[in-house]
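S.K.: This is the content of target_38.tsv (TSV, C-alpha atoms):
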chain	number	residue	atom	x	y	z
Y	1	MET	CA	44.21	66.11	22.15
Y	2	PRO	CA	42.72	65.68	18.62
Y	3	GLN	CA	41.71	68.78	16.72
Y	4	THR	CA	38.07	69.35	15.82
Y	5	PHE	CA	36.54	71.31	12.99
Y	6	TYR	CA	33.64	72.59	15.04
Y	7	GLN	CA	33.26	74.69	18.17
Y	8	SER	CA	32.70	72.79	21.40
Y	9	ASP	CA	29.52	74.72	22.01
Y	10	THR	CA	28.08	73.92	18.59
Y	11	VAL	CA	24.67	72.30	18.78
Y	12	PHE	CA	23.94	69.79	15.97
Y	13	THR	CA	20.69	68.33	14.89
Y	14	VAL	CA	20.66	64.57	14.39
Y	15	THR	CA	20.42	65.06	10.67
Y	16	GLN	CA	23.33	67.49	10.64
Y	17	LEU	CA	25.53	65.10	12.62
Y	18	THR	CA	24.59	62.11	10.52
Y	19	ASN	CA	25.24	63.95	7.29
Y	20	LEU	CA	28.60	65.08	8.63
Y	21	ILE	CA	29.54	61.49	9.50
Y	22	LYS	CA	28.23	60.32	6.10
Y	23	ASP	CA	30.47	62.81	4.27
Y	24	MET	CA	33.50	61.82	6.33
Y	25	VAL	CA	33.01	58.05	5.94
Y	26	GLU	CA	32.12	58.05	2.27
Y	27	GLY	CA	34.88	60.54	1.49
Y	28	SER	CA	37.52	58.57	3.35
Y	29	PHE	CA	36.59	55.13	1.94
Y	30	PRO	CA	35.52	55.56	-1.69
Y	31	GLU	CA	36.15	51.82	-2.40
Y	32	ILE	CA	37.49	49.06	-0.21
Y	33	VAL	CA	38.07	45.26	-0.35
Y	34	LEU	CA	36.64	43.45	2.65
Y	35	GLU	CA	36.87	39.81	3.73
Y	36	GLY	CA	34.56	38.15	6.22
Y	37	GLU	CA	31.81	35.59	6.82
Y	38	VAL	CA	28.30	35.92	5.42
Y	39	SER	CA	25.54	35.88	8.02
Y	40	ASN	CA	21.76	36.43	7.97
Y	41	TYR	CA	21.69	36.33	4.15
Y	42	ARG	CA	18.20	37.47	3.06
Y	43	PRO	CA	17.26	38.10	-0.59
Y	44	SER	CA	14.29	40.45	-0.85
Y	45	SER	CA	11.32	40.22	-3.19
Y	46	SER	CA	12.71	43.18	-5.16
Y	47	GLY	CA	15.88	41.25	-5.99
Y	48	HIS	CA	18.15	43.28	-3.72
Y	49	VAL	CA	20.10	41.33	-1.09
Y	50	TYR	CA	20.74	42.33	2.51
Y	51	PHE	CA	23.09	40.51	4.88
Y	52	VAL	CA	25.91	40.90	7.38
Y	53	ILE	CA	29.66	40.42	6.93
Y	54	LYS	CA	31.45	39.57	10.14
Y	55	ASP	CA	34.52	38.13	11.77
Y	56	ALA	CA	35.32	37.15	15.32
Y	57	GLY	CA	35.37	40.72	16.58
Y	58	ALA	CA	32.85	42.79	14.66
Y	59	GLN	CA	30.22	42.90	11.91
Y	60	ILE	CA	29.06	45.31	9.23
Y	61	ALA	CA	25.77	45.51	7.36
Y	62	ALA	CA	26.00	44.85	3.64
Y	63	VAL	CA	23.70	45.46	0.70
Y	64	MET	CA	23.92	44.19	-2.87
Y	65	TRP	CA	21.66	45.67	-5.48
Y	66	LYS	CA	19.63	43.49	-7.84
Y	67	GLY	CA	21.92	43.89	-10.87
Y	68	THR	CA	25.05	42.94	-8.93
Y	69	ALA	CA	23.31	39.94	-7.29
Y	70	ALA	CA	22.20	38.67	-10.69
Y	71	ARG	CA	25.82	38.54	-11.90
Y	72	LEU	CA	27.09	36.35	-9.05
Y	73	SER	CA	28.66	33.04	-10.10
Y	74	PHE	CA	27.51	31.26	-6.92
Y	75	ALA	CA	24.56	31.21	-4.52
Y	76	PRO	CA	25.72	32.74	-1.24
Y	77	ARG	CA	24.77	31.03	2.03
Y	78	ASP	CA	25.24	31.85	5.66
Y	79	GLY	CA	28.73	30.87	6.75
Y	80	ASN	CA	30.41	31.43	3.39
Y	81	LEU	CA	33.75	33.20	3.70
Y	82	VAL	CA	33.72	35.89	0.99
Y	83	ARG	CA	35.86	38.70	-0.39
Y	84	VAL	CA	33.82	41.73	-1.44
Y	85	LYS	CA	34.57	45.05	-3.13
Y	86	GLY	CA	32.44	48.07	-2.52
Y	87	LYS	CA	32.13	51.46	-0.91
Y	88	LEU	CA	31.11	52.47	2.59
Y	89	THR	CA	27.92	54.48	2.98
Y	90	VAL	CA	25.88	55.78	5.86
Y	91	TYR	CA	22.13	55.18	5.88
Y	92	PRO	CA	20.79	58.32	7.60
Y	93	GLN	CA	17.30	57.02	8.32
Y	94	ARG	CA	18.71	54.35	10.63
Y	95	GLY	CA	21.94	56.06	11.56
Y	96	ASN	CA	24.10	53.05	10.69
Y	97	TYR	CA	26.84	52.49	8.18
Y	98	GLN	CA	27.03	49.74	5.60
Y	99	ILE	CA	28.99	48.56	2.62
Y	100	VAL	CA	27.37	48.65	-0.80
Y	101	ILE	CA	28.91	45.71	-2.66
Y	102	SER	CA	29.89	45.96	-6.31
Y	103	SER	CA	31.42	42.45	-6.58
Y	104	MET	CA	31.73	39.35	-4.40
Y	105	GLU	CA	33.63	36.08	-4.64
Y	106	LEU	CA	34.16	33.08	-2.39
Y	107	ALA	CA	37.24	33.31	-0.22
Y	108	GLY	CA	36.87	29.86	1.36
Y	109	SER	CA	34.46	28.09	3.70
Y	110	GLY	CA	33.24	29.80	6.82
Y	111	ASN	CA	34.29	28.37	10.16
Y	112	ILE	CA	30.73	27.78	11.31
Y	113	LEU	CA	29.75	25.88	8.19
Y	114	LEU	CA	32.89	23.75	8.39
Y	115	MET	CA	32.09	22.89	11.98
Y	116	LEU	CA	28.47	22.04	11.10
Y	117	GLU	CA	29.47	19.87	8.16
Y	118	GLU	CA	31.94	17.91	10.27
Y	119	ARG	CA	29.34	17.42	12.99
Y	120	LYS	CA	26.71	16.36	10.46
Y	121	LYS	CA	29.05	13.77	8.96
Y	122	LYS	CA	29.84	12.37	12.39
Y	123	LEU	CA	26.20	12.03	13.45
Y	124	ASN	CA	25.21	10.64	10.08
Y	125	ALA	CA	27.90	7.95	10.43
Y	126	GLU	CA	26.24	6.94	13.72
Y	127	GLY	CA	22.97	6.33	11.86
Y	128	LEU	CA	21.02	9.17	13.48
Y	129	PHE	CA	19.66	10.29	10.10
Y	130	ASP	CA	18.68	6.86	8.75
Y	131	GLU	CA	15.25	6.72	7.13
Y	132	ALA	CA	14.54	3.45	8.94
Y	133	ARG	CA	14.55	5.34	12.26
Y	134	LYS	CA	11.93	7.85	11.18
Y	135	LYS	CA	8.38	7.50	12.51
Y	136	PRO	CA	5.18	8.39	10.65
Y	137	LEU	CA	3.19	11.37	11.88
Y	138	PRO	CA	-0.20	10.54	13.44
Y	139	ALA	CA	-3.08	11.18	11.05
Y	140	PHE	CA	-5.40	12.66	13.70
Y	141	PRO	CA	-3.43	13.91	16.73
Y	142	ASP	CA	-5.25	14.97	19.87
Y	143	THR	CA	-2.36	16.93	21.36
Y	144	ILE	CA	0.60	18.72	19.80
Y	145	GLY	CA	3.68	19.63	21.81
Y	146	VAL	CA	5.75	22.67	20.88
Y	147	VAL	CA	9.33	23.15	22.09
Y	148	THR	CA	10.12	26.81	21.44
Y	149	SER	CA	10.32	30.23	23.04
Y	150	PRO	CA	7.08	31.28	24.77
Y	151	THR	CA	7.55	34.85	23.48
Y	152	GLY	CA	8.63	34.14	19.91
Y	153	ALA	CA	6.70	34.56	16.69
Y	154	ALA	CA	6.98	30.81	16.04
Y	155	LEU	CA	4.58	29.96	18.85
Y	156	ARG	CA	2.07	32.57	17.71
Y	157	ASP	CA	2.18	31.21	14.17
Y	158	ILE	CA	1.71	27.63	15.32
Y	159	LEU	CA	-1.24	28.52	17.58
Y	160	GLN	CA	-2.87	30.56	14.83
Y	161	ILE	CA	-2.55	27.79	12.23
Y	162	THR	CA	-3.72	25.12	14.69
Y	163	ARG	CA	-6.84	27.07	15.71
Y	164	ARG	CA	-7.67	27.73	12.10
Y	165	ARG	CA	-7.31	24.11	11.02
Y	166	SER	CA	-9.00	22.34	13.95
Y	167	LYS	CA	-10.60	23.48	17.18
Y	168	TYR	CA	-10.30	20.01	18.70
Y	169	VAL	CA	-6.49	19.78	18.77
Y	170	ASN	CA	-4.77	20.76	22.02
Y	171	VAL	CA	-1.38	22.48	22.11
Y	172	ILE	CA	1.09	22.07	24.97
Y	173	LEU	CA	3.99	24.50	25.15
Y	174	PHE	CA	7.32	23.26	26.43
Y	175	PRO	CA	9.04	26.63	26.96
Y	176	ALA	CA	12.68	26.64	25.97
Y	177	ILE	CA	15.50	29.09	25.45
Y	178	VAL	CA	16.18	29.08	21.71
Y	179	GLN	CA	19.21	31.36	21.45
Y	180	GLY	CA	22.49	31.62	23.34
Y	181	ASP	CA	24.83	29.35	25.26
Y	182	THR	CA	22.14	27.69	27.41
Y	183	ALA	CA	19.65	27.17	24.59
Y	184	ALA	CA	20.75	23.68	23.47
Y	185	ALA	CA	20.46	22.19	26.96
Y	186	SER	CA	17.06	23.84	27.42
Y	187	ILE	CA	15.71	22.48	24.13
Y	188	ALA	CA	16.98	18.94	24.76
Y	189	ARG	CA	15.57	18.95	28.31
Y	190	GLN	CA	12.08	19.89	27.10
Y	191	ILE	CA	12.14	17.20	24.40
Y	192	GLN	CA	13.01	14.67	27.08
Y	193	THR	CA	10.25	15.97	29.38
Y	194	ALA	CA	7.64	15.51	26.66
Y	195	ASN	CA	8.83	11.91	26.17
Y	196	ASP	CA	9.13	11.04	29.86
Y	197	PHE	CA	5.47	11.82	30.48
Y	198	ASN	CA	4.19	10.99	26.99
Y	199	MET	CA	2.41	14.31	26.92
Y	200	CYS	CA	1.61	14.66	23.21
Y	201	ASP	CA	1.11	12.79	19.94
Y	202	VAL	CA	3.57	14.82	17.87
Y	203	LEU	CA	6.29	17.32	18.82
Y	204	ILE	CA	7.25	20.48	16.95
Y	205	VAL	CA	10.78	21.66	17.74
Y	206	GLY	CA	11.92	24.98	16.33
Y	207	ARG	CA	11.95	28.75	16.29
Y	208	GLY	CA	11.53	31.69	13.91
Y	209	GLY	CA	14.21	33.01	11.61
Y	210	GLY	CA	17.57	34.39	12.60
Y	211	SER	CA	21.21	34.44	11.66
Y	212	LEU	CA	23.27	31.29	11.34
Y	213	GLU	CA	24.62	31.91	14.84
Y	214	ASP	CA	21.11	32.34	16.22
Y	215	LEU	CA	20.11	28.91	14.89
Y	216	LEU	CA	23.22	27.10	16.15
Y	217	PRO	CA	21.55	25.60	19.28
Y	218	PHE	CA	19.41	23.40	17.00
Y	219	SER	CA	22.60	21.94	15.52
Y	220	GLU	CA	24.19	21.05	18.86
Y	221	GLU	CA	24.75	17.32	19.44
Y	222	ILE	CA	22.62	17.27	22.58
Y	223	VAL	CA	19.61	18.58	20.64
Y	224	VAL	CA	20.18	16.35	17.60
Y	225	ARG	CA	20.45	13.26	19.80
Y	226	ALA	CA	17.32	14.24	21.75
Y	227	VAL	CA	15.38	14.62	18.49
Y	228	ALA	CA	16.67	11.31	17.09
Y	229	GLY	CA	15.94	9.48	20.35
Y	230	SER	CA	12.40	10.84	20.78
Y	231	LYS	CA	9.68	8.19	20.92
Y	232	ILE	CA	7.20	10.91	19.97
Y	233	PRO	CA	7.35	11.83	16.25
Y	234	VAL	CA	9.25	15.10	15.82
Y	235	ILE	CA	8.80	17.86	13.23
Y	236	SER	CA	11.82	20.14	12.95
Y	237	ALA	CA	10.84	23.75	12.15
Y	238	VAL	CA	13.93	25.92	12.43
Y	239	GLY	CA	13.94	29.39	10.88
Y	240	HIS	CA	12.73	30.18	7.39
Y	241	GLU	CA	12.70	28.03	4.29
Y	242	ILE	CA	16.33	28.77	3.34
Y	243	ASP	CA	17.57	28.09	6.89
Y	244	TRP	CA	18.66	24.71	8.13
Y	245	ALA	CA	19.91	22.99	11.26
Y	246	ILE	CA	21.32	19.52	11.86
Y	247	CYS	CA	18.21	18.54	13.83
Y	248	ASP	CA	16.34	18.77	10.49
Y	249	PHE	CA	18.10	15.56	9.39
Y	250	ALA	CA	17.38	13.69	12.63
Y	251	ALA	CA	13.70	14.69	12.82
Y	252	ASP	CA	10.93	12.48	11.45
Y	253	ARG	CA	9.81	15.36	9.23
Y	254	ARG	CA	11.33	18.71	8.36
Y	255	ALA	CA	9.13	21.80	7.87
Y	256	PRO	CA	10.42	24.94	6.18
Y	257	THR	CA	8.76	27.18	8.80
Y	258	PRO	CA	6.92	26.80	12.14
Y	259	SER	CA	3.66	27.60	10.32
Y	260	ALA	CA	4.33	24.79	7.85
Y	261	ALA	CA	5.05	22.46	10.79
Y	262	ALA	CA	1.60	23.19	12.22
Y	263	GLU	CA	0.07	22.45	8.83
Y	264	LEU	CA	1.92	19.13	8.71
Y	265	ALA	CA	0.85	18.18	12.20
Y	266	VAL	CA	-2.79	19.28	12.19
Y	267	PRO	CA	-5.23	18.10	9.53
Y	268	VAL	CA	-7.87	20.61	8.46
Y	269	LEU	CA	-11.07	19.73	10.29
Y	270	ASP	CA	-13.19	20.39	7.21
Y	271	ASP	CA	-10.91	18.10	5.20
Y	272	VAL	CA	-11.25	15.39	7.84
Y	273	LEU	CA	-15.03	15.73	7.88
Y	274	TYR	CA	-15.10	15.66	4.09
Y	275	TYR	CA	-12.89	12.57	4.13
Y	276	PHE	CA	-15.26	10.75	6.48
Y	277	GLU	CA	-18.27	11.90	4.50
Y	278	GLN	CA	-16.70	10.49	1.36
Y	279	LYS	CA	-15.90	7.23	3.14
Y	280	GLU	CA	-19.43	7.10	4.52
Y	281	ALA	CA	-20.83	7.53	1.01
Y	282	GLU	CA	-18.49	4.85	-0.30
Y	283	PHE	CA	-19.49	2.44	2.48
Y	284	GLU	CA	-23.18	3.17	1.90
Y	285	THR	CA	-22.81	2.53	-1.83
Y	286	GLU	CA	-20.88	-0.67	-1.14
Y	287	ILE	CA	-23.53	-1.89	1.31
Y	288	LYS	CA	-26.32	-1.11	-1.16
Y	289	ASN	CA	-24.50	-3.00	-3.91
Y	290	ARG	CA	-23.98	-5.99	-1.67
Y	291	LEU	CA	-27.63	-5.95	-0.56
Y	292	GLN	CA	-28.71	-5.83	-4.20
Y	293	LYS	CA	-26.52	-8.83	-4.95
Y	294	LEU	CA	-28.00	-10.66	-1.97
Y	295	ARG	CA	-31.52	-9.85	-3.17
Y	296	LEU	CA	-30.71	-11.24	-6.59
Y	297	MET	CA	-29.25	-14.33	-4.96
Y	298	VAL	CA	-32.36	-14.78	-2.79
Y	299	GLN	CA	-34.61	-14.38	-5.84
Y	300	GLU	CA	-32.84	-17.34	-7.37
Y	301	PHE	CA	-34.24	-19.46	-4.53
Y	302	SER	CA	-37.91	-18.55	-5.12
Y	303	PRO	CA	-40.27	-21.53	-5.78
Y	304	GLU	CA	-40.52	-20.64	-9.47
Y	305	ASN	CA	-36.77	-20.32	-9.95
Y	306	LEU	CA	-36.12	-23.41	-7.89
Y	307	GLU	CA	-38.59	-25.39	-10.00
Y	308	LEU	CA	-36.93	-24.14	-13.17
Y	309	LYS	CA	-33.52	-25.03	-11.81
Y	310	PHE	CA	-34.81	-28.44	-10.73
Y	311	ARG	CA	-36.32	-29.00	-14.15
Y	312	SER	CA	-33.12	-27.93	-15.85
Y	313	ILE	CA	-31.29	-30.52	-13.78
Y	314	GLU	CA	-34.02	-33.18	-13.94
Y	315	GLN	CA	-34.73	-33.02	-17.69
Y	316	PRO	CA	-31.29	-34.15	-18.87
Y	317	LEU	CA	-31.34	-36.94	-16.31
Y	318	LEU	CA	-34.79	-38.11	-17.43
Y	319	GLN	CA	-33.67	-37.97	-21.04
Y	320	ARG	CA	-30.60	-40.01	-20.21
Y	321	PHE	CA	-32.85	-42.46	-18.34
Y	322	ASP	CA	-35.15	-42.80	-21.36
Y	323	TYR	CA	-32.19	-43.34	-23.65
Y	324	ALA	CA	-30.80	-45.97	-21.27
Y	325	LYS	CA	-34.21	-47.64	-20.96
Y	326	ASP	CA	-34.58	-47.78	-24.74
Y	327	ASP	CA	-31.07	-49.14	-25.11
Y	328	LEU	CA	-31.74	-51.74	-22.41
Y	329	THR	CA	-35.10	-52.77	-23.93
Y	330	SER	CA	-33.57	-53.07	-27.39
Y	331	SER	CA	-30.70	-55.09	-26.02
Y	332	MET	CA	-33.02	-57.39	-24.08
Y	333	GLU	CA	-35.25	-57.91	-27.15
Y	334	ASP	CA	-32.24	-58.82	-29.23
Y	335	ARG	CA	-31.07	-61.26	-26.58
Y	336	ILE	CA	-34.55	-62.79	-26.24
Y	337	LYS	CA	-34.75	-63.16	-30.01
Y	338	ASP	CA	-31.39	-64.90	-30.09
Y	339	ALA	CA	-32.40	-67.13	-27.18
Y	340	ARG	CA	-35.71	-67.97	-28.86
Y	341	GLN	CA	-33.94	-68.95	-32.06
Y	342	LYS	CA	-31.51	-71.14	-30.14
Y	343	LEU	CA	-34.37	-72.69	-28.17
Y	344	GLU	CA	-36.35	-73.43	-31.34
Y	345	LYS	CA	-33.31	-75.16	-32.78
Y	346	GLN	CA	-32.91	-77.22	-29.62
Y	347	ILE	CA	-36.62	-78.10	-29.62
Y	348	LEU	CA	-36.28	-79.24	-33.21
Y	349	VAL	CA	-33.32	-81.38	-32.30
Y	350	LEU	CA	-35.19	-82.82	-29.35
Y	351	GLU	CA	-38.27	-83.41	-31.38
Y	352	ASN	CA	-36.23	-85.21	-33.98
Y	353	ALA	CA	-34.71	-87.36	-31.25
Y	354	ASN	CA	-38.04	-88.04	-29.51
Y	355	PRO	CA	-39.07	-91.74	-29.78
Y	356	SER	CA	-42.70	-90.76	-30.12
Y	357	ALA	CA	-41.83	-88.71	-33.17
Y	358	LEU	CA	-40.04	-91.68	-34.65
Y	359	LEU	CA	-43.00	-93.88	-33.94
Y	360	GLN	CA	-45.26	-91.29	-35.60
Y	361	ARG	CA	-43.19	-91.66	-38.73
Y	362	GLY	CA	-43.93	-95.43	-38.86
Y	363	TYR	CA	-41.26	-96.86	-36.69
Y	364	SER	CA	-42.05	-99.27	-33.81
Y	365	MET	CA	-40.28	-100.29	-30.65
Y	366	VAL	CA	-39.81	-104.03	-29.86
Y	367	ARG	CA	-39.53	-105.25	-26.26
Y	368	ASP	CA	-39.24	-108.61	-24.62
Y	369	ALA	CA	-42.77	-109.37	-23.45
Y	370	ALA	CA	-41.56	-111.06	-20.31
Y	371	THR	CA	-38.86	-108.65	-19.22
Y	372	GLY	CA	-39.81	-105.42	-21.00
Y	373	LYS	CA	-36.25	-105.10	-22.25
Y	374	ILE	CA	-35.89	-103.33	-25.55
Y	375	ILE	CA	-34.69	-105.63	-28.25
Y	376	ARG	CA	-32.02	-104.10	-30.41
Y	377	SER	CA	-30.81	-107.23	-32.22
Y	378	ALA	CA	-32.43	-110.41	-33.57
Y	379	ASP	CA	-29.92	-112.37	-31.65
Y	380	GLU	CA	-31.64	-111.25	-28.41
Y	381	VAL	CA	-34.81	-113.34	-29.11
Y	382	ALA	CA	-35.40	-117.01	-29.66
Y	383	GLN	CA	-37.93	-118.80	-31.80
Y	384	GLY	CA	-41.25	-119.10	-30.01
Y	385	SER	CA	-40.58	-116.30	-27.50
Y	386	LYS	CA	-43.16	-113.61	-26.83
Y	387	ILE	CA	-42.33	-110.09	-27.96
Y	388	GLU	CA	-44.21	-106.80	-27.54
Y	389	ILE	CA	-44.33	-104.47	-30.55
Y	390	VAL	CA	-45.07	-100.82	-29.66
Y	391	PRO	CA	-46.13	-98.66	-32.61
Y	392	ALA	CA	-47.23	-94.97	-32.35
Y	393	LYS	CA	-50.51	-96.10	-30.81
Y	394	GLY	CA	-51.24	-99.22	-28.83
Y	395	LYS	CA	-49.07	-102.36	-28.71
Y	396	ILE	CA	-48.90	-105.76	-30.41
Y	397	ILE	CA	-48.06	-109.13	-28.75
Y	398	ALA	CA	-46.41	-111.51	-31.13
Y	399	THR	CA	-44.64	-114.89	-31.11
Y	400	VAL	CA	-41.26	-115.16	-32.81
Y	401	GLU	CA	-41.39	-117.79	-35.54
Y	402	GLU	CA	-37.94	-117.12	-36.83
Y	403	ALA	CA	-35.03	-114.82	-35.86
Y	404	SER	CA	-32.08	-114.15	-38.11
Y	405	GLY	CA	-29.00	-112.17	-37.08
Y	406	ASP	CA	-27.53	-111.42	-40.54
Y	407	ALA	CA	-26.87	-107.87	-41.63
Y	408	ASN	CA	-29.65	-107.83	-44.19
Y	409	GLY	CA	-32.28	-108.53	-41.57
Y	410	GLY	CA	-33.02	-111.97	-42.88
Y	411	GLN	CA	-33.66	-110.80	-46.46
Y	412	PRO	CA	-32.39	-113.14	-49.16
Any chance you could give the structure as C-alpha cells?
M.R.:
Amino acid sequence: MPQTFYQSDTVFTVTQLTNLIKDMVEGSFPEIVLEGEVSNYRPSSSGHVYFVIKDAGAQIAAVMWKGTAARLSFAPRDGNLVRVKGKLTVYPQRGNYQIVISSMELAGSGNILLMLEERKKKLNAEGLFDEARKKPLPAFPDTIGVVTSPTGAALRDILQITRRRSKYVNVILFPAIVQGDTAAASIARQIQTANDFNMCDVLIVGRGGGSLEDLLPFSEEIVVRAVAGSKIPVISAVGHEIDWAICDFAADRRAPTPSAAAELAVPVLDDVLYYFEQKEAEFETEIKNRLQKLRLMVQEFSPENLELKFRSIEQPLLQRFDYAKDDLTSSMEDRIKDARQKLEKQILVLENANPSALLQRGYSMVRDAATGKIIRSADEVAQGSKIEIVPAKGKIIATVEEASGDANGGQP
C-alpha cells in the first residue's frame, strides 16, 4: 500500500489540493520532451497559442506564449506530428494540467492529415473537384436548405444572418449528426433528401468549429460524393476560417464560416431593392432618351421639314434639267445651223441646175415642133422643118433654113 504524506482524516479545500498537485507535478517534471499530434490549433488575438497534443491513447493541453510562437520556423496545423520541449504546469482555475512549450519542431506528418491528403488525391483524380462541375449560386433564392446539427451554433448563426439580410427567404433545416461515427452517413442522407424532393434553391452543408477529429465526417467519401453529386448548388461551411474539409473542394462554393455561407447565399434585401431601383432609373433614362430621339425623328417629317427636304432634293434635279435643256437647245441650234448651211448649198446647186435659171440668163430650149422632142444637135433637124424655140418667157415657132452639124456651130 503506497505511503501518503497526509493523514487519512485530513480535509482539504479544493485550492489546497490543487496547489499540492501543482507542486508535485511541476517539481517532478521541470522540463520534458514530448511527441504527439497537433489538434484544435487556435491562435488567439493576443498572439498566444492554445492547442492539444495527442496520440492514440491520450491528450494533453498545450500553450505557447506569443514570443515562442513568433520564433517558429513553420506554421503549425492540425494533424502535424511535432516534437515539443517544455515544462508541465497545473492551471488551478480549471483544475487541469498542461504543458507550456518553449520550443517546437516538426516530427513528421500526422496520421490524420496523411489519410486526408491521400483521400483528397484519389477523389480529385476522379474529377470530383473539377471547376466544370461547379454550379453558380442562384442570385435570388426563395428557400435555403441547411444540413447541420439542430442544436449547434452554426444553425443559429445562419438563421440570424438570413433574417437580417432578407425577411423573404425561407430556411429549411435538414437535421444531421455532425460529429462521431454515424455523422457522415447522416450528412450524406440529408443532402440526398434535399435533392430527391428538390426542397431548396441552395444548400449549406457544415457545422461550427472543432478539432480536426470533430470535422472528419465532412471529409468522408460518402459526404464528398453526396456534395459533388448534388443537383442543388452546395456551399460548404465547415468550422472556422482556418479549418478545412475535403467537401470544401467538391462544393460549388466554400465559405470560411457558416455565417459567411449565409451571406453568400442570401442577398441583402436593401441591396436588391437598391439594385432594382438603379435598374429602374437606368431603364427610365433609356426610355426617355429613345423617346427624345423618336420625337426628333418625327419632327423631321413635319410639312416644313418635308418641304425643305423635298426642295433640297428637287433643286439639284431641276438645275441638272436646266443644264441638260440648255445643252440640248444649243446642240439642236448648232445642228439646225449646219443643216441650213447644207440646205442653202444644195438650193444653190439646184438653182444653178434649174433650166428656168438658165433660160433667165439668156439661154433657150429648142424642141421639135411636131414631136416636142428636145433638140440637142443640128443633125436632129432637117431644112424646112418646124422647130419651137422656148426662151425664158413665151415660145417662138421657126422654120429651119439651114442646119449644120460641124463643131463650130456652122460658123466659118
S.K.: From the list Y:Ala265, Y:Ile347, Y:Leu128, Y:Ile161, which residue is nearest Ala226 (chain Y) when using all atoms listed in the file?
M.R.: Y:Leu128
S.K.: Which residues are close to region 67-83 of chain Y, i.e. within 6 Å by only C-alpha atoms, leaving aside same-chain residues fewer than 6 positions away? Reply as a VMD selection string.
M.R.: chain Y and resid 34 to 39 41 104 to 110 112 to 113
S.K.: Any idea what the distance is between CA of Ala324 (chain Y) and CA of Arg340 (chain Y)?
M.R.: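 It comes out at 23.8 Å.
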S.K.: Neighbours of Tyr363 (chain Y) within 9 Å (all atoms listed in the file; same-chain residues fewer than 5 positions away dropped), as an mmCIF file with C-alpha atoms, in the frame of the given file?
M.R.:
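The resulting file, around_2.cif, is shown below:
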data_model
loop_
_atom_site.group_PDB
_atom_site.id
_atom_site.type_symbol
_atom_site.label_atom_id
_atom_site.label_comp_id
_atom_site.auth_asym_id
_atom_site.auth_seq_id
_atom_site.Cartn_x
_atom_site.Cartn_y
_atom_site.Cartn_z
ATOM 1 C CA PRO Y 355 -39.070 -91.740 -29.780
ATOM 2 C CA ALA Y 357 -41.830 -88.710 -33.170
ATOM 3 C CA LEU Y 358 -40.040 -91.680 -34.650
ATOM 4 C CA VAL Y 390 -45.070 -100.820 -29.660
ATOM 5 C CA PRO Y 391 -46.130 -98.660 -32.610
ATOM 6 C CA ALA Y 392 -47.230 -94.970 -32.350
#
S.K.: Please provide the set of residues having any atom within 8 Å of Val366 (chain Y), restricted to only C-alpha atoms, with same-chain residues fewer than 5 positions apart removed, written as a PyMOL selection string.
M.R.: chain Y and resi 374-376+387-390
S.K.: Keeping all heavy atoms (and nothing else), can you write region 350-354 of chain Y of this structure as a PDB file, in the first residue's frame?
M.R.:
ATOM      1  N   LEU Y 350     -29.062  73.401-156.946  1.00  0.00           N
ATOM      2  CA  LEU Y 350     -30.277  73.136-157.710  1.00  0.00           C
ATOM      3  C   LEU Y 350     -30.668  74.325-158.574  1.00  0.00           C
ATOM      4  O   LEU Y 350     -31.130  74.174-159.728  1.00  0.00           O
ATOM      5  CB  LEU Y 350     -31.423  72.768-156.760  1.00  0.00           C
ATOM      6  CG  LEU Y 350     -31.301  71.408-156.057  1.00  0.00           C
ATOM      7  CD1 LEU Y 350     -32.432  71.236-155.044  1.00  0.00           C
ATOM      8  CD2 LEU Y 350     -31.346  70.276-157.079  1.00  0.00           C
ATOM      9  N   GLU Y 351     -30.504  75.488-157.960  1.00  0.00           N
ATOM     10  CA  GLU Y 351     -30.878  76.679-158.719  1.00  0.00           C
ATOM     11  C   GLU Y 351     -29.978  76.829-159.955  1.00  0.00           C
ATOM     12  O   GLU Y 351     -30.429  77.239-161.036  1.00  0.00           O
ATOM     13  CB  GLU Y 351     -30.770  77.920-157.830  1.00  0.00           C
ATOM     14  CG  GLU Y 351     -31.899  78.019-156.836  1.00  0.00           C
ATOM     15  CD  GLU Y 351     -31.759  79.243-155.938  1.00  0.00           C
ATOM     16  OE1 GLU Y 351     -30.670  79.865-155.947  1.00  0.00           O
ATOM     17  OE2 GLU Y 351     -32.710  79.544-155.194  1.00  0.00           O
ATOM     18  N   ASN Y 352     -28.707  76.520-159.711  1.00  0.00           N
ATOM     19  CA  ASN Y 352     -27.794  76.608-160.858  1.00  0.00           C
ATOM     20  C   ASN Y 352     -28.120  75.574-161.926  1.00  0.00           C
ATOM     21  O   ASN Y 352     -27.857  75.792-163.116  1.00  0.00           O
ATOM     22  CB  ASN Y 352     -26.347  76.432-160.405  1.00  0.00           C
ATOM     23  CG  ASN Y 352     -25.861  77.622-159.579  1.00  0.00           C
ATOM     24  OD1 ASN Y 352     -26.365  78.736-159.754  1.00  0.00           O
ATOM     25  ND2 ASN Y 352     -24.901  77.393-158.701  1.00  0.00           N
ATOM     26  N   ALA Y 353     -28.690  74.459-161.513  1.00  0.00           N
ATOM     27  CA  ALA Y 353     -29.029  73.412-162.483  1.00  0.00           C
ATOM     28  C   ALA Y 353     -30.449  73.557-163.018  1.00  0.00           C
ATOM     29  O   ALA Y 353     -30.861  72.806-163.897  1.00  0.00           O
ATOM     30  CB  ALA Y 353     -28.855  72.038-161.811  1.00  0.00           C
ATOM     31  N   ASN Y 354     -31.210  74.516-162.546  1.00  0.00           N
ATOM     32  CA  ASN Y 354     -32.601  74.676-162.957  1.00  0.00           C
ATOM     33  C   ASN Y 354     -32.648  75.252-164.385  1.00  0.00           C
ATOM     34  O   ASN Y 354     -32.030  76.287-164.669  1.00  0.00           O
ATOM     35  CB  ASN Y 354     -33.294  75.640-161.994  1.00  0.00           C
ATOM     36  CG  ASN Y 354     -34.805  75.743-162.252  1.00  0.00           C
ATOM     37  OD1 ASN Y 354     -35.366  75.128-163.175  1.00  0.00           O
ATOM     38  ND2 ASN Y 354     -35.457  76.557-161.437  1.00  0.00           N
TER      39      ASN Y 354
END
